[in-house]
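> One file is attached below, work.pdb, containing PDB, C-alpha atoms, pLDDT in the B column.
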ATOM      1  CA  LYS A 566      44.324 -17.489 -17.772  1.00 75.00           C
ATOM      2  CA  ASN A 567      41.756 -14.731 -18.303  1.00 77.00           C
ATOM      3  CA  GLN A 568      38.860 -16.108 -20.299  1.00 88.00           C
ATOM      4  CA  VAL A 569      35.281 -15.243 -21.181  1.00 93.00           C
ATOM      5  CA  GLU A 570      32.950 -18.093 -22.113  1.00 95.00           C
ATOM      6  CA  GLN A 571      29.507 -17.507 -23.602  1.00 96.00           C
ATOM      7  CA  SER A 572      26.569 -19.825 -24.017  1.00 96.00           C
ATOM      8  CA  PRO A 573      24.750 -20.884 -25.997  1.00 96.00           C
ATOM      9  CA  GLN A 574      26.865 -20.556 -29.106  1.00 95.00           C
ATOM     10  CA  SER A 575      23.722 -19.878 -31.121  1.00 96.00           C
ATOM     11  CA  LEU A 576      20.024 -19.523 -30.397  1.00 97.00           C
ATOM     12  CA  ILE A 577      16.889 -19.353 -32.525  1.00 97.00           C
ATOM     13  CA  ILE A 578      13.660 -18.009 -31.050  1.00 97.00           C
ATOM     14  CA  LEU A 579      10.348 -16.742 -32.357  1.00 97.00           C
ATOM     15  CA  GLU A 580       9.598 -13.056 -32.561  1.00 97.00           C
ATOM     16  CA  GLY A 581       7.984 -11.782 -29.379  1.00 97.00           C
ATOM     17  CA  LYS A 582       9.602 -14.381 -27.115  1.00 97.00           C
ATOM     18  CA  ASN A 583      12.113 -13.663 -24.367  1.00 98.00           C
ATOM     19  CA  CYS A 584      15.587 -15.126 -24.139  1.00 98.00           C
ATOM     20  CA  THR A 585      18.612 -15.110 -21.840  1.00 98.00           C
ATOM     21  CA  LEU A 586      22.237 -15.297 -22.892  1.00 98.00           C
ATOM     22  CA  GLN A 587      24.977 -16.370 -20.496  1.00 98.00           C
ATOM     23  CA  CYS A 588      28.526 -15.224 -19.880  1.00 97.00           C
ATOM     24  CA  ASN A 589      31.044 -16.795 -17.477  1.00 97.00           C
ATOM     25  CA  TYR A 590      34.437 -15.253 -16.940  1.00 94.00           C
ATOM     26  CA  THR A 591      37.657 -16.011 -15.116  1.00 92.00           C
ATOM     27  CA  VAL A 592      39.171 -12.533 -15.462  1.00 84.00           C
ATOM     28  CA  SER A 593      40.788 -11.396 -12.223  1.00 80.00           C
ATOM     29  CA  PRO A 594      41.066  -8.722 -11.079  1.00 78.00           C
ATOM     30  CA  PHE A 595      37.867  -7.472 -12.603  1.00 80.00           C
ATOM     31  CA  SER A 596      37.061  -3.889 -13.562  1.00 83.00           C
ATOM     32  CA  ASN A 597      33.856  -3.989 -15.558  1.00 89.00           C
ATOM     33  CA  LEU A 598      31.762  -6.113 -17.871  1.00 93.00           C
ATOM     34  CA  ARG A 599      30.092  -5.016 -21.069  1.00 94.00           C
ATOM     35  CA  TRP A 600      27.627  -6.493 -23.480  1.00 96.00           C
ATOM     36  CA  TYR A 601      27.968  -5.551 -27.128  1.00 96.00           C
ATOM     37  CA  LYS A 602      25.593  -6.192 -30.017  1.00 97.00           C
ATOM     38  CA  GLN A 603      27.161  -6.928 -33.383  1.00 94.00           C
ATOM     39  CA  ASP A 604      25.032  -6.993 -36.494  1.00 94.00           C
ATOM     40  CA  THR A 605      26.331  -9.226 -39.263  1.00 90.00           C
ATOM     41  CA  GLY A 606      29.197  -7.575 -41.128  1.00 87.00           C
ATOM     42  CA  ARG A 607      29.271  -4.563 -38.815  1.00 91.00           C
ATOM     43  CA  GLY A 608      31.281  -3.415 -35.840  1.00 92.00           C
ATOM     44  CA  PRO A 609      30.033  -4.114 -32.293  1.00 94.00           C
ATOM     45  CA  VAL A 610      27.937  -1.516 -30.477  1.00 94.00           C
ATOM     46  CA  SER A 611      27.926  -1.235 -26.696  1.00 93.00           C
ATOM     47  CA  LEU A 612      24.645  -2.129 -24.956  1.00 95.00           C
ATOM     48  CA  THR A 613      25.447  -2.065 -21.242  1.00 93.00           C
ATOM     49  CA  ILE A 614      28.362  -1.712 -18.865  1.00 91.00           C
ATOM     50  CA  MET A 615      28.476  -2.855 -15.254  1.00 92.00           C
ATOM     51  CA  THR A 616      31.147  -2.483 -12.595  1.00 88.00           C
ATOM     52  CA  PHE A 617      31.692  -5.118  -9.916  1.00 83.00           C
ATOM     53  CA  SER A 618      29.374  -3.227  -7.538  1.00 88.00           C
ATOM     54  CA  GLU A 619      26.400  -3.265  -9.922  1.00 91.00           C
ATOM     55  CA  ASN A 620      24.230  -6.329 -10.359  1.00 92.00           C
ATOM     56  CA  THR A 621      21.740  -5.169 -12.954  1.00 95.00           C
ATOM     57  CA  LYS A 622      21.594  -2.654 -15.785  1.00 95.00           C
ATOM     58  CA  SER A 623      18.841  -2.083 -18.324  1.00 95.00           C
ATOM     59  CA  ASN A 624      18.820  -0.573 -21.788  1.00 94.00           C
ATOM     60  CA  GLY A 625      15.305  -0.696 -23.192  1.00 95.00           C
ATOM     61  CA  ARG A 626      14.350  -4.330 -23.724  1.00 97.00           C
ATOM     62  CA  TYR A 627      17.854  -5.462 -22.768  1.00 97.00           C
ATOM     63  CA  THR A 628      18.628  -6.221 -19.116  1.00 97.00           C
ATOM     64  CA  ALA A 629      22.071  -7.360 -18.025  1.00 97.00           C
ATOM     65  CA  THR A 630      22.790  -8.953 -14.661  1.00 97.00           C
ATOM     66  CA  LEU A 631      26.091  -9.535 -12.944  1.00 95.00           C
ATOM     67  CA  ASP A 632      27.106 -11.810 -10.086  1.00 93.00           C
ATOM     68  CA  ALA A 633      30.698 -10.888  -9.296  1.00 90.00           C
ATOM     69  CA  ASP A 634      30.963 -13.656  -6.705  1.00 90.00           C
ATOM     70  CA  THR A 635      30.243 -16.441  -9.163  1.00 93.00           C
ATOM     71  CA  LYS A 636      31.737 -14.486 -12.087  1.00 93.00           C
ATOM     72  CA  GLN A 637      28.598 -14.827 -14.164  1.00 96.00           C
ATOM     73  CA  SER A 638      26.591 -12.388 -16.229  1.00 97.00           C
ATOM     74  CA  SER A 639      23.447 -12.726 -18.280  1.00 98.00           C
ATOM     75  CA  LEU A 640      21.717 -10.649 -20.918  1.00 98.00           C
ATOM     76  CA  HIS A 641      17.944 -10.930 -20.987  1.00 98.00           C
ATOM     77  CA  ILE A 642      16.045  -9.767 -24.042  1.00 98.00           C
ATOM     78  CA  THR A 643      12.339  -9.133 -23.599  1.00 97.00           C
ATOM     79  CA  ALA A 644       9.718  -9.313 -26.354  1.00 97.00           C
ATOM     80  CA  SER A 645      12.261 -10.013 -29.064  1.00 97.00           C
ATOM     81  CA  GLN A 646      12.068  -8.255 -32.420  1.00 97.00           C
ATOM     82  CA  LEU A 647      13.466  -9.240 -35.801  1.00 97.00           C
ATOM     83  CA  SER A 648      16.062  -6.474 -35.440  1.00 96.00           C
ATOM     84  CA  ASP A 649      17.470  -8.252 -32.378  1.00 97.00           C
ATOM     85  CA  SER A 650      19.013 -10.834 -34.700  1.00 97.00           C
ATOM     86  CA  ALA A 651      22.734 -10.336 -34.143  1.00 97.00           C
ATOM     87  CA  SER A 652      25.696 -11.644 -32.205  1.00 96.00           C
ATOM     88  CA  TYR A 653      25.847 -10.625 -28.556  1.00 97.00           C
ATOM     89  CA  ILE A 654      29.314 -10.391 -27.104  1.00 96.00           C
ATOM     90  CA  CYS A 655      30.354 -10.289 -23.467  1.00 96.00           C
ATOM     91  CA  VAL A 656      33.532  -8.318 -22.767  1.00 93.00           C
ATOM     92  CA  VAL A 657      35.395  -8.142 -19.467  1.00 91.00           C
ATOM     93  CA  ARG A 658      38.061  -5.652 -18.538  1.00 87.00           C
ATOM     94  CA  SER A 659      40.822  -6.142 -16.088  1.00 79.00           C
ATOM     95  CA  PRO A 660      42.168  -2.909 -14.605  1.00 74.00           C
ATOM     96  CA  SER A 661      45.738  -4.069 -15.084  1.00 69.00           C
ATOM     97  CA  ASN A 662      46.087  -3.272 -18.775  1.00 64.00           C
ATOM     98  CA  TYR A 663      44.389  -1.794 -21.818  1.00 61.00           C
ATOM     99  CA  GLN A 664      43.124  -5.133 -22.991  1.00 70.00           C
ATOM    100  CA  LEU A 665      39.545  -6.228 -23.053  1.00 83.00           C
ATOM    101  CA  ILE A 666      38.824  -9.947 -22.873  1.00 87.00           C
ATOM    102  CA  TRP A 667      36.230 -10.711 -25.525  1.00 90.00           C
ATOM    103  CA  GLY A 668      33.894 -13.673 -25.558  1.00 93.00           C
ATOM    104  CA  ALA A 669      33.167 -15.440 -28.845  1.00 92.00           C
ATOM    105  CA  GLY A 670      29.576 -14.269 -28.761  1.00 94.00           C
ATOM    106  CA  THR A 671      26.141 -15.825 -28.977  1.00 96.00           C
ATOM    107  CA  LYS A 672      24.523 -15.691 -32.392  1.00 96.00           C
ATOM    108  CA  LEU A 673      20.833 -14.926 -31.912  1.00 97.00           C
ATOM    109  CA  ILE A 674      18.333 -15.426 -34.705  1.00 97.00           C
ATOM    110  CA  ILE A 675      14.788 -14.145 -34.360  1.00 97.00           C
ATOM    111  CA  LYS A 676      12.270 -15.820 -36.634  1.00 96.00           C
ATOM    112  CA  PRO A 677       8.887 -14.318 -37.568  1.00 95.00           C
TER     113      PRO A 677
ATOM    114  CA  SER B 947      29.386  13.996 -33.487  1.00 86.00           C
ATOM    115  CA  GLN B 948      32.159  11.472 -33.877  1.00 87.00           C
ATOM    116  CA  THR B 949      32.387   9.096 -36.801  1.00 92.00           C
ATOM    117  CA  ILE B 950      34.851   6.402 -37.718  1.00 95.00           C
ATOM    118  CA  HIS B 951      35.598   5.299 -41.252  1.00 95.00           C
ATOM    119  CA  GLN B 952      37.303   2.219 -42.594  1.00 96.00           C
ATOM    120  CA  TRP B 953      38.172   1.253 -46.104  1.00 93.00           C
ATOM    121  CA  PRO B 954      37.989  -0.751 -48.135  1.00 94.00           C
ATOM    122  CA  ALA B 955      34.870  -2.614 -47.051  1.00 93.00           C
ATOM    123  CA  THR B 956      35.998  -5.846 -48.681  1.00 95.00           C
ATOM    124  CA  LEU B 957      39.294  -6.949 -50.120  1.00 96.00           C
ATOM    125  CA  VAL B 958      40.482 -10.067 -51.920  1.00 97.00           C
ATOM    126  CA  GLN B 959      44.247 -10.386 -52.084  1.00 96.00           C
ATOM    127  CA  PRO B 960      46.645 -13.116 -53.219  1.00 97.00           C
ATOM    128  CA  VAL B 961      49.065 -14.711 -50.783  1.00 97.00           C
ATOM    129  CA  GLY B 962      52.307 -12.764 -50.608  1.00 96.00           C
ATOM    130  CA  SER B 963      50.797  -9.454 -51.663  1.00 97.00           C
ATOM    131  CA  PRO B 964      51.014  -6.316 -49.486  1.00 96.00           C
ATOM    132  CA  LEU B 965      48.151  -4.910 -47.447  1.00 96.00           C
ATOM    133  CA  SER B 966      47.098  -1.471 -46.339  1.00 96.00           C
ATOM    134  CA  LEU B 967      43.872  -0.847 -44.432  1.00 96.00           C
ATOM    135  CA  GLU B 968      43.017   2.642 -43.356  1.00 96.00           C
ATOM    136  CA  CYS B 969      40.941   3.959 -40.487  1.00 97.00           C
ATOM    137  CA  THR B 970      40.102   7.579 -39.751  1.00 97.00           C
ATOM    138  CA  VAL B 971      38.140   9.197 -36.962  1.00 96.00           C
ATOM    139  CA  GLU B 972      36.298  12.499 -37.168  1.00 95.00           C
ATOM    140  CA  GLY B 973      34.923  14.767 -34.493  1.00 93.00           C
ATOM    141  CA  THR B 974      37.383  14.060 -31.688  1.00 91.00           C
ATOM    142  CA  SER B 975      40.984  14.745 -30.743  1.00 89.00           C
ATOM    143  CA  ASN B 976      43.687  12.468 -29.379  1.00 90.00           C
ATOM    144  CA  PRO B 977      41.597   9.307 -29.408  1.00 93.00           C
ATOM    145  CA  ASN B 978      42.899   5.899 -28.428  1.00 92.00           C
ATOM    146  CA  LEU B 979      42.849   3.779 -31.570  1.00 94.00           C
ATOM    147  CA  TYR B 980      42.620   0.017 -31.906  1.00 93.00           C
ATOM    148  CA  TRP B 981      42.895  -2.654 -34.601  1.00 95.00           C
ATOM    149  CA  TYR B 982      41.085  -5.935 -34.022  1.00 94.00           C
ATOM    150  CA  ARG B 983      40.740  -9.093 -36.056  1.00 94.00           C
ATOM    151  CA  GLN B 984      37.673 -11.289 -35.796  1.00 91.00           C
ATOM    152  CA  ALA B 985      37.815 -14.832 -37.129  1.00 84.00           C
ATOM    153  CA  ALA B 986      34.578 -16.672 -37.795  1.00 78.00           C
ATOM    154  CA  GLY B 987      33.090 -17.963 -34.539  1.00 75.00           C
ATOM    155  CA  ARG B 988      35.845 -16.438 -32.451  1.00 80.00           C
ATOM    156  CA  GLY B 989      36.092 -13.456 -30.136  1.00 82.00           C
ATOM    157  CA  LEU B 990      37.731 -10.227 -31.189  1.00 88.00           C
ATOM    158  CA  GLN B 991      41.512 -10.339 -31.015  1.00 89.00           C
ATOM    159  CA  LEU B 992      43.292  -7.080 -30.281  1.00 88.00           C
ATOM    160  CA  LEU B 993      46.156  -6.605 -32.722  1.00 92.00           C
ATOM    161  CA  PHE B 994      47.409  -3.086 -32.028  1.00 92.00           C
ATOM    162  CA  TYR B 995      46.485  -0.058 -29.998  1.00 89.00           C
ATOM    163  CA  SER B 996      47.741   3.493 -30.026  1.00 92.00           C
ATOM    164  CA  VAL B 997      47.466   6.256 -27.448  1.00 89.00           C
ATOM    165  CA  GLY B 998      49.047   8.929 -29.636  1.00 90.00           C
ATOM    166  CA  ILE B 999      50.807   9.776 -32.881  1.00 92.00           C
ATOM    167  CA  GLY B1000      53.648   7.375 -33.524  1.00 89.00           C
ATOM    168  CA  GLN B1001      52.837   5.321 -30.399  1.00 90.00           C
ATOM    169  CA  ILE B1002      51.927   1.764 -31.302  1.00 90.00           C
ATOM    170  CA  SER B1003      51.615  -1.223 -29.003  1.00 87.00           C
ATOM    171  CA  SER B1004      51.481  -4.685 -30.493  1.00 86.00           C
ATOM    172  CA  GLU B1005      49.498  -7.363 -28.715  1.00 80.00           C
ATOM    173  CA  VAL B1006      50.040 -10.321 -31.003  1.00 78.00           C
ATOM    174  CA  PRO B1007      53.276 -11.186 -32.847  1.00 66.00           C
ATOM    175  CA  GLN B1008      52.509 -11.612 -36.546  1.00 79.00           C
ATOM    176  CA  ASN B1009      53.377 -10.330 -39.963  1.00 89.00           C
ATOM    177  CA  LEU B1010      51.164  -7.280 -39.541  1.00 94.00           C
ATOM    178  CA  SER B1011      52.200  -3.783 -38.508  1.00 95.00           C
ATOM    179  CA  ALA B1012      50.372  -0.591 -37.648  1.00 96.00           C
ATOM    180  CA  SER B1013      51.170   3.075 -37.954  1.00 96.00           C
ATOM    181  CA  ARG B1014      49.588   6.301 -36.784  1.00 96.00           C
ATOM    182  CA  PRO B1015      50.918   9.080 -38.988  1.00 94.00           C
ATOM    183  CA  GLN B1016      48.260  11.561 -37.857  1.00 94.00           C
ATOM    184  CA  ASP B1017      46.192  12.017 -34.711  1.00 94.00           C
ATOM    185  CA  ARG B1018      43.045  10.514 -36.194  1.00 95.00           C
ATOM    186  CA  GLN B1019      44.505   8.103 -38.743  1.00 96.00           C
ATOM    187  CA  PHE B1020      45.414   4.496 -38.059  1.00 97.00           C
ATOM    188  CA  ILE B1021      46.824   2.193 -40.725  1.00 97.00           C
ATOM    189  CA  LEU B1022      47.182  -1.578 -40.683  1.00 96.00           C
ATOM    190  CA  SER B1023      49.780  -3.004 -43.056  1.00 96.00           C
ATOM    191  CA  SER B1024      51.496  -6.137 -44.162  1.00 95.00           C
ATOM    192  CA  LYS B1025      54.386  -6.661 -46.549  1.00 95.00           C
ATOM    193  CA  LYS B1026      53.349 -10.223 -47.442  1.00 95.00           C
ATOM    194  CA  LEU B1027      49.928 -11.612 -46.670  1.00 95.00           C
ATOM    195  CA  LEU B1028      49.406 -15.154 -45.429  1.00 94.00           C
ATOM    196  CA  LEU B1029      46.308 -17.296 -45.844  1.00 94.00           C
ATOM    197  CA  SER B1030      45.815 -17.061 -42.093  1.00 91.00           C
ATOM    198  CA  ASP B1031      45.451 -13.282 -42.366  1.00 93.00           C
ATOM    199  CA  SER B1032      41.937 -13.715 -43.757  1.00 93.00           C
ATOM    200  CA  GLY B1033      39.302 -12.315 -41.431  1.00 93.00           C
ATOM    201  CA  PHE B1034      37.186  -9.358 -40.460  1.00 95.00           C
ATOM    202  CA  TYR B1035      39.302  -6.381 -39.416  1.00 96.00           C
ATOM    203  CA  LEU B1036      37.776  -3.797 -37.150  1.00 96.00           C
ATOM    204  CA  CYS B1037      39.115  -0.402 -36.197  1.00 97.00           C
ATOM    205  CA  ALA B1038      37.859   1.221 -33.017  1.00 95.00           C
ATOM    206  CA  TRP B1039      38.432   4.366 -31.027  1.00 94.00           C
ATOM    207  CA  SER B1040      37.876   5.428 -27.439  1.00 91.00           C
ATOM    208  CA  PRO B1041      37.872   8.963 -26.023  1.00 88.00           C
ATOM    209  CA  GLY B1042      40.908   8.636 -23.777  1.00 72.00           C
ATOM    210  CA  ALA B1043      43.175   6.440 -21.730  1.00 60.00           C
ATOM    211  CA  TYR B1044      40.567   5.716 -19.055  1.00 54.00           C
ATOM    212  CA  GLN B1045      37.481   5.872 -21.212  1.00 54.00           C
ATOM    213  CA  GLU B1046      36.754   2.307 -22.039  1.00 73.00           C
ATOM    214  CA  THR B1047      33.739   2.486 -24.304  1.00 83.00           C
ATOM    215  CA  GLN B1048      35.051   1.652 -27.727  1.00 90.00           C
ATOM    216  CA  TYR B1049      33.305   2.739 -30.892  1.00 93.00           C
ATOM    217  CA  PHE B1050      33.806   0.547 -33.886  1.00 95.00           C
ATOM    218  CA  GLY B1051      34.086   1.194 -37.585  1.00 95.00           C
ATOM    219  CA  PRO B1052      32.172  -0.795 -40.203  1.00 95.00           C
ATOM    220  CA  GLY B1053      35.023  -3.275 -40.683  1.00 95.00           C
ATOM    221  CA  THR B1054      36.995  -4.643 -43.610  1.00 96.00           C
ATOM    222  CA  ARG B1055      36.480  -8.207 -44.739  1.00 95.00           C
ATOM    223  CA  LEU B1056      39.787  -9.555 -46.034  1.00 95.00           C
ATOM    224  CA  LEU B1057      40.077 -12.762 -48.006  1.00 95.00           C
ATOM    225  CA  VAL B1058      43.549 -14.003 -48.818  1.00 95.00           C
ATOM    226  CA  LEU B1059      43.648 -16.590 -51.601  1.00 95.00           C
TER     227      LEU B1059
END
What do you get writing this file as structure tokens?


Amino acid sequence: KNQVEQSPQSLIILEGKNCTLQCNYTVSPFSNLRWYKQDTGRGPVSLTIMTFSENTKSNGRYTATLDADTKQSSLHITASQLSDSASYICVVRSPSNYQLIWGAGTKLIIKP
Amino acid sequence: SQTIHQWPATLVQPVGSPLSLECTVEGTSNPNLYWYRQAAGRGLQLLFYSVGIGQISSEVPQNLSASRPQDRQFILSSKKLLLSDSGFYLCAWSPGAYQETQYFGPGTRLLVL
């Protein structure tokens, strides 16, 4: 069964600190993996996308990594800001259909 | 630029009442359109997607239905709401069949009492 598991479920860190969020998936075949940021009560916004041949992608203070062999991805946030408080969702696409397999997300809270 | 609108933003409905949520996209033509539901602490669940006017694919059997009467209009409906229909409903669009970046609307929070 195609699944995307994210950890931790929630995370609280102090402003200015770094953090890393994890995503493990069992989707096969695999087309690409995305990280979305979802502010509370809003729709998700795409942060990064990586195909199976890419192992790192950056977007400002966000850096995503991908290990297609172990089917793991991480999202590293550097020098966190209060505005980083949100849910971060890992999404994997299989090329076989229109569906995206969505993780449940990690809820990140940045405290001053 | 493209924008996506959803309304209403919040809705409280009694069990057994009908539902109609509307989503419109501006600034693009022939988008793929999607309806998702997000339950608290759960991943997004794709309910319906549409690749063109009148073309609706259902991903999850339920008492909901979708329609696309115009190119950039997507409507989610129910004849009789259930308690389990409560959730956060998100509409999204993508530029075409092989363009996978989806752009989401602001969402509708539905509470069925």

> Considering only C-alpha atoms, can you say which of A:Asp632, A:Glu580, A:Glu570, A:Asp649 comes closest to Met615 in chain A?

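Distance minimum relative to Met615 in chain A lands on A:Asp632.
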
> Starting from the ChimeraX specification (/B :<8) & /A, expand the selection into actual residues of this file and give them as a list in words.

Gly606, Arg607, Gly608, Pro609, Val610, Ser611, Gln664, Trp667, Gly668, Ala669 and Gly670 of chain A

> Need the shell around range 671-677 of chain A: protein/DNA/RNA residues with any atom at most 8 Å away, counting all atoms listed in the file. Skip same-chain ones fewer than 3 positions apart. Format as an MDAnalysis selection string?

chainID A and resid 571:580 586 645:654

> Starting from the shown file, work through the PyMOL selection byres ((chain A and resi 622) around 12) and note down what comes out as JSON, numbers by chain.

{"A": [598, 599, 600, 612, 613, 614, 615, 616, 617, 618, 619, 620, 621, 623, 624, 625, 626, 627, 628, 629, 630, 631, 638, 639, 640, 641]}

> Would you save the residues from that selection as a CSV table (one decimal), in the frame of the given file, using C-alpha atoms?


chain,number,residue,atom,x,y,z
A,598,LEU,CA,31.8,-6.1,-17.9
A,599,ARG,CA,30.1,-5.0,-21.1
A,600,TRP,CA,27.6,-6.5,-23.5
A,612,LEU,CA,24.6,-2.1,-25.0
A,613,THR,CA,25.4,-2.1,-21.2
A,614,ILE,CA,28.4,-1.7,-18.9
A,615,MET,CA,28.5,-2.9,-15.3
A,616,THR,CA,31.1,-2.5,-12.6
A,617,PHE,CA,31.7,-5.1,-9.9
A,618,SER,CA,29.4,-3.2,-7.5
A,619,GLU,CA,26.4,-3.3,-9.9
A,620,ASN,CA,24.2,-6.3,-10.4
A,621,THR,CA,21.7,-5.2,-13.0
A,623,SER,CA,18.8,-2.1,-18.3
A,624,ASN,CA,18.8,-0.6,-21.8
A,625,GLY,CA,15.3,-0.7,-23.2
A,626,ARG,CA,14.4,-4.3,-23.7
A,627,TYR,CA,17.9,-5.5,-22.8
A,628,THR,CA,18.6,-6.2,-19.1
A,629,ALA,CA,22.1,-7.4,-18.0
A,630,THR,CA,22.8,-9.0,-14.7
A,631,LEU,CA,26.1,-9.5,-12.9
A,638,SER,CA,26.6,-12.4,-16.2
A,639,SER,CA,23.4,-12.7,-18.3
A,640,LEU,CA,21.7,-10.6,-20.9
A,641,HIS,CA,17.9,-10.9,-21.0

> Using all atoms listed in the file, which of the listed residues (B:Phe994, B:Cys969, B:His951, B:Pro960) sits closest to Gln1008 in chain B?

B:Phe994

> Would you translate the PyMOL selection byres ((chain A and resi 589) around 8) into the concrete set of residues it matches in this file, as a PDB file with C-alpha atoms, in the coordinates of the input?


ATOM      1  CA  VAL A 569      35.281 -15.243 -21.181  1.00 93.00           C
ATOM      2  CA  GLU A 570      32.950 -18.093 -22.113  1.00 95.00           C
ATOM      3  CA  GLN A 571      29.507 -17.507 -23.602  1.00 96.00           C
ATOM      4  CA  GLN A 587      24.977 -16.370 -20.496  1.00 98.00           C
ATOM      5  CA  CYS A 588      28.526 -15.224 -19.880  1.00 97.00           C
ATOM      6  CA  TYR A 590      34.437 -15.253 -16.940  1.00 94.00           C
ATOM      7  CA  THR A 591      37.657 -16.011 -15.116  1.00 92.00           C
ATOM      8  CA  LYS A 636      31.737 -14.486 -12.087  1.00 93.00           C
ATOM      9  CA  GLN A 637      28.598 -14.827 -14.164  1.00 96.00           C
ATOM     10  CA  SER A 638      26.591 -12.388 -16.229  1.00 97.00           C
TER      11      SER A 638
END
